[in-house]
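Novice: For reference, the structure I am asking about is given below.
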2 protein chains.
Amino acid sequence: VPPGFTITTEACNMYFEVGKVLSEELKEEALQHLRALEAKMNKKFGDNQNPLLVSVRSGSVISMPGMMDTILNLGLNDDAVVGFAKLTENERFAYDCYRRFIQMFGDVVMGIKHSDFDAIIDDQKIEKGVTMDTELTAEDWKAVIVKYKALVKQETGREFPQDPMEQLFMAVEAVFSSWNNDRAIYYRKLNGIPDYLGTAVNVQSMVFGNMGDTSGTGVAFTRNPSTGERKLYGEFLMNAQGEDVVAGIRTPLGIAEMERVVPQAYEQFKQICSTLENHYKDMQDIEFTIEKGNLYILQTRSGKRTAQAAVKVAYDLVAEGLINKEEALLRIDPNQLVSLLHRGIDPNATFEVLAKGLPASPGSASGQIVFDADEAEERGENGEKVILVRTETTPDDIHGIVKSQGILTSRGGMTSHAAVVARGMGKPCVCGCEALKINLADEVIEVNGQTLKKGDMISIDGATGNVILGELKMVDPELSEEFKTILEWANQVKRLKVRANADNERDAKQARSFGAEGIGLCRTEHMFMEQGRLHVVQEMILSETLEDRKKALAKLLPFQMGDFESIFREMDGLPVLIRLLDPPLHEFLPDIKELIKEVAVLEIEKPDSDELLQKKILMAKVQNLSEMNPMLGHRGSRLGVVYPEIYEMQVRAIMGAAVKMKKEGYTVLPEIEVPLIGINNELTKLRQLIVDTAEEVLQEAGVEVEYLVGTMIEIPRACIIADEIAKQTDFCSFGTNDLTQTTFGFSRDDAEGKFLHYYIDNKILENNPFAVLDRTGVGSLMKMAVEKIRPLKEHYDIGICGEHGGEPSSVEFCDMIGLTYVSCSPFRVPIARLAAAQAAIRNK
Amino acid sequence: VPPGFTITTEACNMYFEVGKVLSEELKEEALQHLRALEAKMNKKFGDNQNPLLVSVRSGSVISMPGMMDTILNLGLNDDAVVGFAKLTENERFAYDCYRRFIQMFGDVVMGIKHSDFDAIIDDQKIEKGVTMDTELTAEDWKAVIVKYKALVKQETGREFPQDPMEQLFMAVEAVFSSWNNDRAIYYRKLNGIPDYLGTAVNVQSMVFGNMGDTSGTGVAFTRNPSTGERKLYGEFLMNAQGEDVVAGIRTPLGIAEMERVVPQAYEQFKQICSTLENHYKDMQDIEFTIEKGNLYILQTRSGKRTAQAAVKVAYDLVAEGLINKEEALLRIDPNQLVSLLHRGIDPNATFEVLAKGLPASPGSASGQIVFDADEAEERGENGEKVILVRTETTPDDIHGIVKSQGILTSRGGMTSHAAVVARGMGKPCVCGCEALKINLADEVIEVNGQTLKKGDMISIDGATGNVILGELKMVDPELSEEFKTILEWANQVKRLKVRANADNERDAKQARSFGAEGIGLCRTEHMFMEQGRLHVVQEMILSETLEDRKKALAKLLPFQMGDFESIFREMDGLPVLIRLLDPPLHEFLPDIKELIKEVAVLEIEKPDSDELLQKKILMAKVQNLSEMNPMLGHRGSRLGVVYPEIYEMQVRAIMGAAVKMKKEGYTVLPEIEVPLIGINNELTKLRQLIVDTAEEVLQEAGVEVEYLVGTMIEIPRACIIADEIAKQTDFCSFGTNDLTQTTFGFSRDDAEGKFLHYYIDNKILENNPFAVLDRTGVGSLMKMAVEKIRPLKEHYDIGICGEHGGEPSSVEFCDMIGLTYVSCSPFRVPIARLAAAQAAIRNK
């Protein structure tokens, strides 16, 4: 409570400590508080005694749907109402309060439908021939109360409780129970609020906003919760109790109107708002009541706000001298920033959602439906806006994806090809939208009874998974000056460097504009999948001899060099970490299931054809390369060990590009990374290959370029031999996606579709470990690795790349165990910067 | 060297310490020894000085193909031979020695073909018109020597070295180099001999077995290396040097003949054999030479022996008081015992190998070729012996496998379905025999130009991978009395208990007969795959509702109960650990690739048929259940969490069977195991389910049965939370197959076929980690888990099951980190018992 300030005149503020399971001691103390009320809550009102009626509400610091509404007028009963009428000299008012109490208590505590009570009032009005509540008299309310109590008896089998203490205990109990109400649980899950937080209960003495035209009630934010602007924002209603403001029968007035209606109270309110802000040092969300011209504050708490407002308020509070920069940094939820970093649907647009898929890659887009990747490419190049719609995408669709505004698929999860590629490109994607029945042959979509055809305009929102018919206005992301400043402050306090995952020039540019301090992961496989290269890659893979493979690789070399040149140029002066080829080779080949089908058909239709023979040969080769568990298969460094010529080509391309850029005057800092090391000898062999090749390129060119050689730590065994790995490398980077897969024994592709949702819904797991780093398991292994490395190499770079690198809780853990940097998608760089700053402050 | 015993009269025994990389100091000492010889190795022989000629041979403790042969007569040159002739008064002998030296040295040190030298002798004989070497005179040998030297010059471009010291250093160098000769490397890999062991070089003064009829040379074992019988075994040749014994021109005599030919030397030899055995306390393999009636021992080392001999010799040496029981236990290589534990081809049988596949499951069998599982079952039940030949097997073939003598497949690795099932059943299996072109339609096999048809008799040897045409005599394994006694000794010293993996009555019986102390892993999935059940299992999996699934499970319950009853009966009084269902459900369904093919064909041939519709529905369901990485998929405890009704049925069956057997008077000790735990809450939930179900069964029956609830530790995260796991369980067991897969990030199915062989061949890995437990990686995690558990629960059972449990080095590691028991296939129980004893002795 602010100093020298009483929130209600005669209050009993019971405040159970939030965030702690109620201990026996606290419980006893709370009960004493409640029992102390007994003396004040007279069963019989009368005389000049100031009677105590109370309100009971949740004292949760976070407002939450499903939590119990405030119960007003508690303490009234058949006797007390008589005294209350005398005391207030307003019988109608007193009985209105009593029936309001029965209705609210009956609804939220005793579980009787609100509308059943309303029906009784409606009956009374019909009987009287009136239309408004205000036209009902004290006698009417008395009649209503009789029927209300009968309803309670009928529905619950018991009388409406007359003992104020019984009323009080029941209401308190109801507040606590409502914490575990389905809607509240769902809301908490959605917003990552822990269940153990729990709620307090506030019991306050009543003041009345419904005591005539000089009374009223309202809610207000001390600043605009949508924009952050420093101006009171809210509404109020005269001669009303709290529930009337939300009931919608009468239209509340804007808060600024108070100045005209109750100027004195308004002036006082403004001052109180200021006092509260100064005390809590944050924007407040305040409930108030005016009783006969006197202002009472019922509740104040930090106000919920949009990301934009959060940034502005934090910035302004520093400017106003209320908080310092570190406090400002802690005030902004990094997760909330996503909406500021992607093109989004205009917040003012209205629309109807046609179907909902998985929010696979954030950002929104509108475009014409196109079903074919070639057509998407062609029309995209002609400047048309298209959305590529497929059941699933494959590497063959990449060229179409590149030229589309966004991707929509009916199958596949958050790690399907479409999702991964789209996230990599920062392109909006909704996938696994099962409501869409896509008929590729006829180029139509059936969805909930509607038929969409090629060329129809749709919009998708990759942050929500919404699919919307028609075109919508979009707004571009723009970092406000306040946001930029706050990120500057973040840089001043954070210990972790923040790099970005970027596979091409465009991503590198985006990353740099968001403040990335280098590239922490450049995946070369996406380059292999690009149009015009894939067939050369396939030729390389299907080579029967080393010579043929080398020939194909030679064709790829100039492509790869070009890729790296443009990235080095964009990242002039910053480190660029390039990972050598990682996925198993069969990922670049046609799908075996398709081939089986094609061969089966050809065997019937063209049994002796050369086409069949060729297809069978291809099928046999694909079959030979395919794997039971590709995630644990012939990939990463295992490719490099068995086919050193592939890595040799890649190193030649990296160093060739570095040399060229250096000659053009750029500062290049290449870092060459070997994926999936588990055995020391893999590293010995590949490091040698890399160094030999790099030195050869440099010697040929007669140029000196500093370069580093490192590896990923992404399987448990690599954590165990981290000291040996450190001895042989210049840096390492945790690949926590794969490390999570192997530590849990979860295949992400399978787990998310098959049992992970069940696990999270049923509390087997608190979080999806692929989204939020599992500190117990995966984290222990990481910590062990860092502890093995640091004594050997104090200043050795240890990073993390992949989705955890941009997730705030995971970033905090990385700071705690002493990593050097995190790397995340370009669009999450600002989030990671803020999260890293918060971690540094919290872990100080 | 045995006390008071000189091996050769005037010897310089250079013996580099074996097992150690030659240190600089040792090298210096060795060089000093060599240089000391210089004084004795006169360039010019003459006068009465006793000239020093030497032999140079490898001093490796293990004889090894590919290692350099002994070089005799080193020190001779154009001058020395003159003096040597004078000294021996035998010019022909001296020049024969010299030409032998040039030939041997030229061959093994200078790399000239032995046959090129022989051709010169042949020319000389033609010129002289004689046929035998012995018919050549000193003059002939002089002529041969001139040509020999010319050949050396021509082939190597240099003169034959005349300086004895140069000869000596070259020979020593050649011995060392031969350690890394291809054949030696291959042999070491095959026999698990480490490369770092290295060899010594022995330089000995020459004695001559070719000095006439009172001279000779031979080799002998002090006991029979095949049977272990205590009787000299070997052969010798008079008037010969070592190479003549093996050259095959003259037939050596059996060692017993020495008594007749050189009685005095024989008597002395017998005594020396006895002395050497007493000294080395082991059977010796001895080379000797007799020079003019005097016996010289050239070399002695422990003799190689068969498993049978190893057992008998160890047993006898104890009986003879030479070694104690612990020493005897250490004398037997547990790996070698495999041959004694399976039915094998009669060692006296001769045969030709038709083709070679992978040695997937040891044991041998003969039978008629059958291509169809139903036919195999039918003919097997009629008492015919059949070998089931398939490209690959599937769960649908199980009934045929059961009734076959053995299985032969043309595709699939050591972990293919056929291999796993066969090993589980202890049935011989050769798989992945790619030379077989199996035509199932016509029921014929093309193999290396031959055609085999149904009914042809073949034999397979699952220990070697050999496929042989025709029937062969087989010998049954029988534990000799000596073997049984030694295993008793093993039980007296070992700390680890040895249990067996057994899924049925037959395996349980076998395990018990081999001394298993309980069942350490009973896999319930094999029961699900049996004929007559698989379709019910499929019905269960494809159920649309919980009710339907429960109905199908109810049908499975009596089958499962019956399985467990028979196992409990067989294991009366011993613990039986039963693992709840582990594999992903799609493993029980038809192969998706087959379905795709069938649907493609039906779409053309019967486009509107109900058959197509049904097949498509099935395909969609299978597709829906299939996984990208089944190894990391919806399996193990994850099945139990999502489908508790499956585990409930299994627990009901286990406890129902236990109750029934207890009522029949048996002592049942069931241990119920949850597979693949990674998260504490999985265990909490499943333990509750198991306990609730078990208590319900016991209460219904009114019988008390003690049972334990435990889990497998088979993913890295389980090792990390092992303390939490221990708190909730009565035991745990390491599943090191899966733990190896997840720790390395290796899919066994893929790794073994794709890159693991390359890794081992190229020394990236020392061993296949699926065969020999990886102590560095997997072992560290196990050790960590044990260290987390032991402070909490000192006497808690921690086991290991799977193939490592029967592999000696892995068993040793389990002993070192303090596990309670190992569990392995029934046939490896004796091996594990011996290995456990050795571990206990070594780790004492």
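Just so we're on the same page: first chain in the structure tokens is A, next is B, and so on; residues restart at 1 for each chain, and ligands are numbered from 1 in the order they show up.
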I'd like the contact shell of segment 63-69 of chain B - 6 Å cut-off, only C-alpha atoms, skipping same-chain residues fewer than 5 positions apart - returned as a PDB file with N, CA, C and O atoms, in the first residue's frame.
Specialist:
ATOM      1  N   VAL B 175      60.836 -57.055 -38.962  1.00  0.00           N
ATOM      2  CA  VAL B 175      59.934 -57.672 -37.985  1.00  0.00           C
ATOM      3  C   VAL B 175      58.926 -56.628 -37.504  1.00  0.00           C
ATOM      4  O   VAL B 175      57.713 -56.855 -37.490  1.00  0.00           O
ATOM      5  N   SER B 178      56.376 -55.757 -40.071  1.00  0.00           N
ATOM      6  CA  SER B 178      55.403 -56.801 -40.402  1.00  0.00           C
ATOM      7  C   SER B 178      54.220 -56.770 -39.431  1.00  0.00           C
ATOM      8  O   SER B 178      53.169 -57.331 -39.703  1.00  0.00           O
ATOM      9  N   ARG B 183      47.689 -58.610 -43.516  1.00  0.00           N
ATOM     10  CA  ARG B 183      47.123 -59.843 -42.977  1.00  0.00           C
ATOM     11  C   ARG B 183      47.144 -59.834 -41.455  1.00  0.00           C
ATOM     12  O   ARG B 183      46.213 -60.313 -40.803  1.00  0.00           O
ATOM     13  N   ALA B 184      48.220 -59.300 -40.892  1.00  0.00           N
ATOM     14  CA  ALA B 184      48.315 -59.240 -39.426  1.00  0.00           C
ATOM     15  C   ALA B 184      47.228 -58.334 -38.865  1.00  0.00           C
ATOM     16  O   ALA B 184      46.571 -58.664 -37.876  1.00  0.00           O
TER      17      ALA B 184
END
Novice: As an mmCIF file with all heavy atoms, in the first residue's frame, could you give me every residue of chain A near chain B (at most 6 Å apart, counting only C-alpha atoms)?
Specialist:
data_model
loop_
_atom_site.group_PDB
_atom_site.id
_atom_site.type_symbol
_atom_site.label_atom_id
_atom_site.label_comp_id
_atom_site.auth_asym_id
_atom_site.auth_seq_id
_atom_site.Cartn_x
_atom_site.Cartn_y
_atom_site.Cartn_z
ATOM 1 N N LYS A 597 4.833 -46.478 -55.684
ATOM 2 C CA LYS A 597 3.540 -46.356 -56.351
ATOM 3 C C LYS A 597 3.747 -46.285 -57.871
ATOM 4 O O LYS A 597 3.107 -46.990 -58.639
ATOM 5 C CB LYS A 597 2.854 -45.077 -55.839
ATOM 6 C CG LYS A 597 1.361 -45.131 -55.902
ATOM 7 C CD LYS A 597 0.736 -43.789 -55.510
ATOM 8 C CE LYS A 597 1.063 -43.365 -54.096
ATOM 9 N NZ LYS A 597 0.545 -42.011 -53.783
ATOM 10 N N ALA A 600 4.695 -49.614 -59.312
ATOM 11 C CA ALA A 600 3.559 -50.541 -59.336
ATOM 12 C C ALA A 600 2.657 -50.243 -60.527
ATOM 13 O O ALA A 600 2.187 -51.157 -61.214
ATOM 14 C CB ALA A 600 2.777 -50.434 -58.024
ATOM 15 N N GLU A 627 16.486 -44.918 -44.681
ATOM 16 C CA GLU A 627 16.847 -45.372 -43.340
ATOM 17 C C GLU A 627 15.618 -45.582 -42.465
ATOM 18 O O GLU A 627 14.588 -44.954 -42.668
ATOM 19 C CB GLU A 627 17.765 -44.332 -42.674
ATOM 20 C CG GLU A 627 19.084 -44.173 -43.411
ATOM 21 C CD GLU A 627 20.002 -43.137 -42.783
ATOM 22 O OE1 GLU A 627 19.559 -41.987 -42.593
ATOM 23 O OE2 GLU A 627 21.148 -43.472 -42.497
ATOM 24 N N ASN A 629 15.582 -44.903 -39.182
ATOM 25 C CA ASN A 629 15.525 -43.755 -38.268
ATOM 26 C C ASN A 629 16.486 -42.678 -38.755
ATOM 27 O O ASN A 629 17.596 -42.564 -38.236
ATOM 28 C CB ASN A 629 15.926 -44.183 -36.842
ATOM 29 C CG ASN A 629 15.017 -45.255 -36.284
ATOM 30 O OD1 ASN A 629 13.858 -45.005 -35.986
ATOM 31 N ND2 ASN A 629 15.539 -46.464 -36.155
ATOM 32 N N LEU A 632 18.734 -40.582 -36.607
ATOM 33 C CA LEU A 632 19.919 -41.197 -35.995
ATOM 34 C C LEU A 632 20.772 -41.877 -37.055
ATOM 35 O O LEU A 632 21.482 -42.839 -36.769
ATOM 36 C CB LEU A 632 19.485 -42.244 -34.959
ATOM 37 C CG LEU A 632 18.543 -41.777 -33.842
ATOM 38 C CD1 LEU A 632 18.155 -42.963 -32.970
ATOM 39 C CD2 LEU A 632 19.214 -40.716 -32.987
ATOM 40 N N GLY A 633 20.670 -41.414 -38.282
ATOM 41 C CA GLY A 633 21.254 -42.174 -39.377
ATOM 42 C C GLY A 633 22.579 -41.641 -39.885
ATOM 43 O O GLY A 633 23.378 -41.062 -39.149
ATOM 44 N N GLY A 678 30.281 -37.138 -32.291
ATOM 45 C CA GLY A 678 30.034 -37.948 -31.103
ATOM 46 C C GLY A 678 31.286 -38.670 -30.658
ATOM 47 O O GLY A 678 31.364 -39.184 -29.549
ATOM 48 N N ASN A 681 37.563 -39.165 -32.763
ATOM 49 C CA ASN A 681 38.258 -39.417 -34.021
ATOM 50 C C ASN A 681 37.549 -38.842 -35.243
ATOM 51 O O ASN A 681 38.183 -38.554 -36.254
ATOM 52 C CB ASN A 681 38.457 -40.924 -34.236
ATOM 53 C CG ASN A 681 39.551 -41.477 -33.354
ATOM 54 O OD1 ASN A 681 40.402 -40.734 -32.873
ATOM 55 N ND2 ASN A 681 39.534 -42.777 -33.124
ATOM 56 N N ILE A 715 24.592 -34.415 -29.454
ATOM 57 C CA ILE A 715 24.202 -35.731 -28.966
ATOM 58 C C ILE A 715 24.854 -35.918 -27.598
ATOM 59 O O ILE A 715 25.894 -35.322 -27.317
ATOM 60 C CB ILE A 715 24.607 -36.866 -29.940
ATOM 61 C CG1 ILE A 715 26.028 -36.698 -30.427
ATOM 62 C CG2 ILE A 715 23.648 -36.939 -31.099
ATOM 63 C CD1 ILE A 715 26.461 -37.772 -31.386
ATOM 64 N N PRO A 716 24.231 -36.731 -26.746
ATOM 65 C CA PRO A 716 24.729 -36.832 -25.372
ATOM 66 C C PRO A 716 26.212 -37.185 -25.294
ATOM 67 O O PRO A 716 26.949 -36.653 -24.473
ATOM 68 C CB PRO A 716 23.862 -37.948 -24.777
ATOM 69 C CG PRO A 716 22.565 -37.833 -25.519
ATOM 70 C CD PRO A 716 22.965 -37.464 -26.923
ATOM 71 N N ARG A 717 26.673 -38.053 -26.178
ATOM 72 C CA ARG A 717 28.070 -38.461 -26.078
ATOM 73 C C ARG A 717 29.012 -37.273 -26.292
ATOM 74 O O ARG A 717 30.104 -37.220 -25.733
ATOM 75 C CB ARG A 717 28.385 -39.583 -27.070
ATOM 76 C CG ARG A 717 29.631 -40.373 -26.681
ATOM 77 C CD ARG A 717 29.814 -41.577 -27.581
ATOM 78 N NE ARG A 717 30.880 -42.450 -27.112
ATOM 79 C CZ ARG A 717 32.158 -42.242 -27.315
ATOM 80 N NH1 ARG A 717 32.546 -41.172 -27.984
ATOM 81 N NH2 ARG A 717 33.066 -43.095 -26.860
ATOM 82 N N THR A 742 17.696 -36.690 -28.620
ATOM 83 C CA THR A 742 18.451 -37.861 -28.160
ATOM 84 C C THR A 742 18.419 -38.009 -26.645
ATOM 85 O O THR A 742 18.449 -39.124 -26.134
ATOM 86 C CB THR A 742 19.911 -37.788 -28.655
ATOM 87 O OG1 THR A 742 20.415 -36.466 -28.448
ATOM 88 C CG2 THR A 742 19.999 -38.099 -30.131
ATOM 89 N N THR A 743 18.361 -36.911 -25.923
ATOM 90 C CA THR A 743 18.342 -37.008 -24.459
ATOM 91 C C THR A 743 17.021 -37.601 -23.971
ATOM 92 O O THR A 743 16.997 -38.422 -23.059
ATOM 93 C CB THR A 743 18.567 -35.620 -23.832
ATOM 94 O OG1 THR A 743 19.798 -35.091 -24.318
ATOM 95 C CG2 THR A 743 18.629 -35.711 -22.320
ATOM 96 N N PHE A 744 15.929 -37.194 -24.607
ATOM 97 C CA PHE A 744 14.618 -37.742 -24.251
ATOM 98 C C PHE A 744 14.330 -39.056 -24.986
ATOM 99 O O PHE A 744 13.427 -39.787 -24.613
ATOM 100 C CB PHE A 744 13.510 -36.751 -24.631
ATOM 101 C CG PHE A 744 13.207 -35.698 -23.612
ATOM 102 C CD1 PHE A 744 13.879 -34.487 -23.617
ATOM 103 C CD2 PHE A 744 12.244 -35.908 -22.637
ATOM 104 C CE1 PHE A 744 13.591 -33.501 -22.679
ATOM 105 C CE2 PHE A 744 11.946 -34.934 -21.700
ATOM 106 C CZ PHE A 744 12.627 -33.721 -21.714
ATOM 107 N N GLY A 745 15.072 -39.287 -26.088
ATOM 108 C CA GLY A 745 14.666 -40.384 -26.952
ATOM 109 C C GLY A 745 13.346 -40.064 -27.650
ATOM 110 O O GLY A 745 12.515 -40.927 -27.837
ATOM 111 N N PHE A 746 13.163 -38.792 -27.985
ATOM 112 C CA PHE A 746 11.960 -38.348 -28.694
ATOM 113 C C PHE A 746 12.330 -37.985 -30.127
ATOM 114 O O PHE A 746 13.247 -37.204 -30.334
ATOM 115 C CB PHE A 746 11.423 -37.037 -28.094
ATOM 116 C CG PHE A 746 10.664 -37.160 -26.806
ATOM 117 C CD1 PHE A 746 10.228 -36.006 -26.158
ATOM 118 C CD2 PHE A 746 10.379 -38.387 -26.239
ATOM 119 C CE1 PHE A 746 9.515 -36.081 -24.970
ATOM 120 C CE2 PHE A 746 9.674 -38.472 -25.044
ATOM 121 C CZ PHE A 746 9.237 -37.310 -24.407
ATOM 122 N N SER A 747 11.613 -38.499 -31.087
ATOM 123 C CA SER A 747 11.703 -37.980 -32.433
ATOM 124 C C SER A 747 10.730 -36.815 -32.507
ATOM 125 O O SER A 747 9.531 -36.987 -32.324
ATOM 126 C CB SER A 747 11.299 -39.062 -33.433
ATOM 127 O OG SER A 747 10.979 -38.477 -34.670
ATOM 128 N N ASP A 750 7.725 -37.204 -34.714
ATOM 129 C CA ASP A 750 6.701 -38.147 -34.278
ATOM 130 C C ASP A 750 6.064 -37.700 -32.971
ATOM 131 O O ASP A 750 4.855 -37.773 -32.805
ATOM 132 C CB ASP A 750 7.319 -39.534 -34.123
ATOM 133 C CG ASP A 750 7.970 -40.002 -35.420
ATOM 134 O OD1 ASP A 750 7.303 -39.891 -36.460
ATOM 135 O OD2 ASP A 750 9.118 -40.440 -35.389
ATOM 136 N N ILE A 764 2.375 -34.519 -17.685
ATOM 137 C CA ILE A 764 3.534 -35.412 -17.596
ATOM 138 C C ILE A 764 4.771 -34.529 -17.784
ATOM 139 O O ILE A 764 5.799 -34.719 -17.139
ATOM 140 C CB ILE A 764 3.479 -36.512 -18.686
ATOM 141 C CG1 ILE A 764 2.161 -37.293 -18.642
ATOM 142 C CG2 ILE A 764 4.688 -37.432 -18.596
ATOM 143 C CD1 ILE A 764 2.035 -38.315 -17.576
ATOM 144 N N GLY A 777 17.068 -32.309 -17.807
ATOM 145 C CA GLY A 777 17.748 -33.346 -18.584
ATOM 146 C C GLY A 777 18.780 -32.761 -19.534
ATOM 147 O O GLY A 777 19.994 -32.866 -19.329
#
Novice: In Å, rounded to a single decimal, give me how far atom CA of Asp213 of chain A is from atom CA of Leu87 of chain A.
Specialist: 18.7 Å
Novice: Where in segment 776-825 of chain B does DSSP assign strand (DSSP E), given as a PDB file with N, CA and C atoms, in the first residue's frame?
Specialist:
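Writing done, so here's part.pdb:
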ATOM      1  N   ASP B 797      18.325 -53.427  -6.683  1.00  0.00           N
ATOM      2  CA  ASP B 797      18.822 -54.199  -7.836  1.00  0.00           C
ATOM      3  C   ASP B 797      19.005 -53.319  -9.061  1.00  0.00           C
ATOM      4  N   ILE B 798      20.217 -53.304  -9.579  1.00  0.00           N
ATOM      5  CA  ILE B 798      20.469 -52.602 -10.845  1.00  0.00           C
ATOM      6  C   ILE B 798      21.049 -53.613 -11.820  1.00  0.00           C
ATOM      7  N   GLY B 799      20.336 -53.851 -12.892  1.00  0.00           N
ATOM      8  CA  GLY B 799      20.789 -54.860 -13.849  1.00  0.00           C
ATOM      9  C   GLY B 799      21.104 -54.275 -15.200  1.00  0.00           C
ATOM     10  N   ILE B 800      21.421 -55.155 -16.108  1.00  0.00           N
ATOM     11  CA  ILE B 800      21.599 -54.763 -17.504  1.00  0.00           C
ATOM     12  C   ILE B 800      21.019 -55.900 -18.322  1.00  0.00           C
ATOM     13  N   CYS B 801      20.307 -55.581 -19.383  1.00  0.00           N
ATOM     14  CA  CYS B 801      19.793 -56.661 -20.222  1.00  0.00           C
ATOM     15  C   CYS B 801      20.130 -56.324 -21.654  1.00  0.00           C
ATOM     16  N   TYR B 821      23.224 -57.385 -11.396  1.00  0.00           N
ATOM     17  CA  TYR B 821      23.196 -58.556 -12.275  1.00  0.00           C
ATOM     18  C   TYR B 821      23.300 -58.158 -13.738  1.00  0.00           C
ATOM     19  N   VAL B 822      23.674 -59.151 -14.535  1.00  0.00           N
ATOM     20  CA  VAL B 822      23.592 -59.008 -15.984  1.00  0.00           C
ATOM     21  C   VAL B 822      22.573 -60.027 -16.484  1.00  0.00           C
ATOM     22  N   SER B 823      21.950 -59.713 -17.603  1.00  0.00           N
ATOM     23  CA  SER B 823      21.019 -60.658 -18.190  1.00  0.00           C
ATOM     24  C   SER B 823      21.352 -60.791 -19.666  1.00  0.00           C
ATOM     25  N   CYS B 824      21.390 -62.027 -20.156  1.00  0.00           N
ATOM     26  CA  CYS B 824      21.786 -62.237 -21.548  1.00  0.00           C
ATOM     27  C   CYS B 824      20.992 -63.399 -22.125  1.00  0.00           C
TER      28      CYS B 824
END
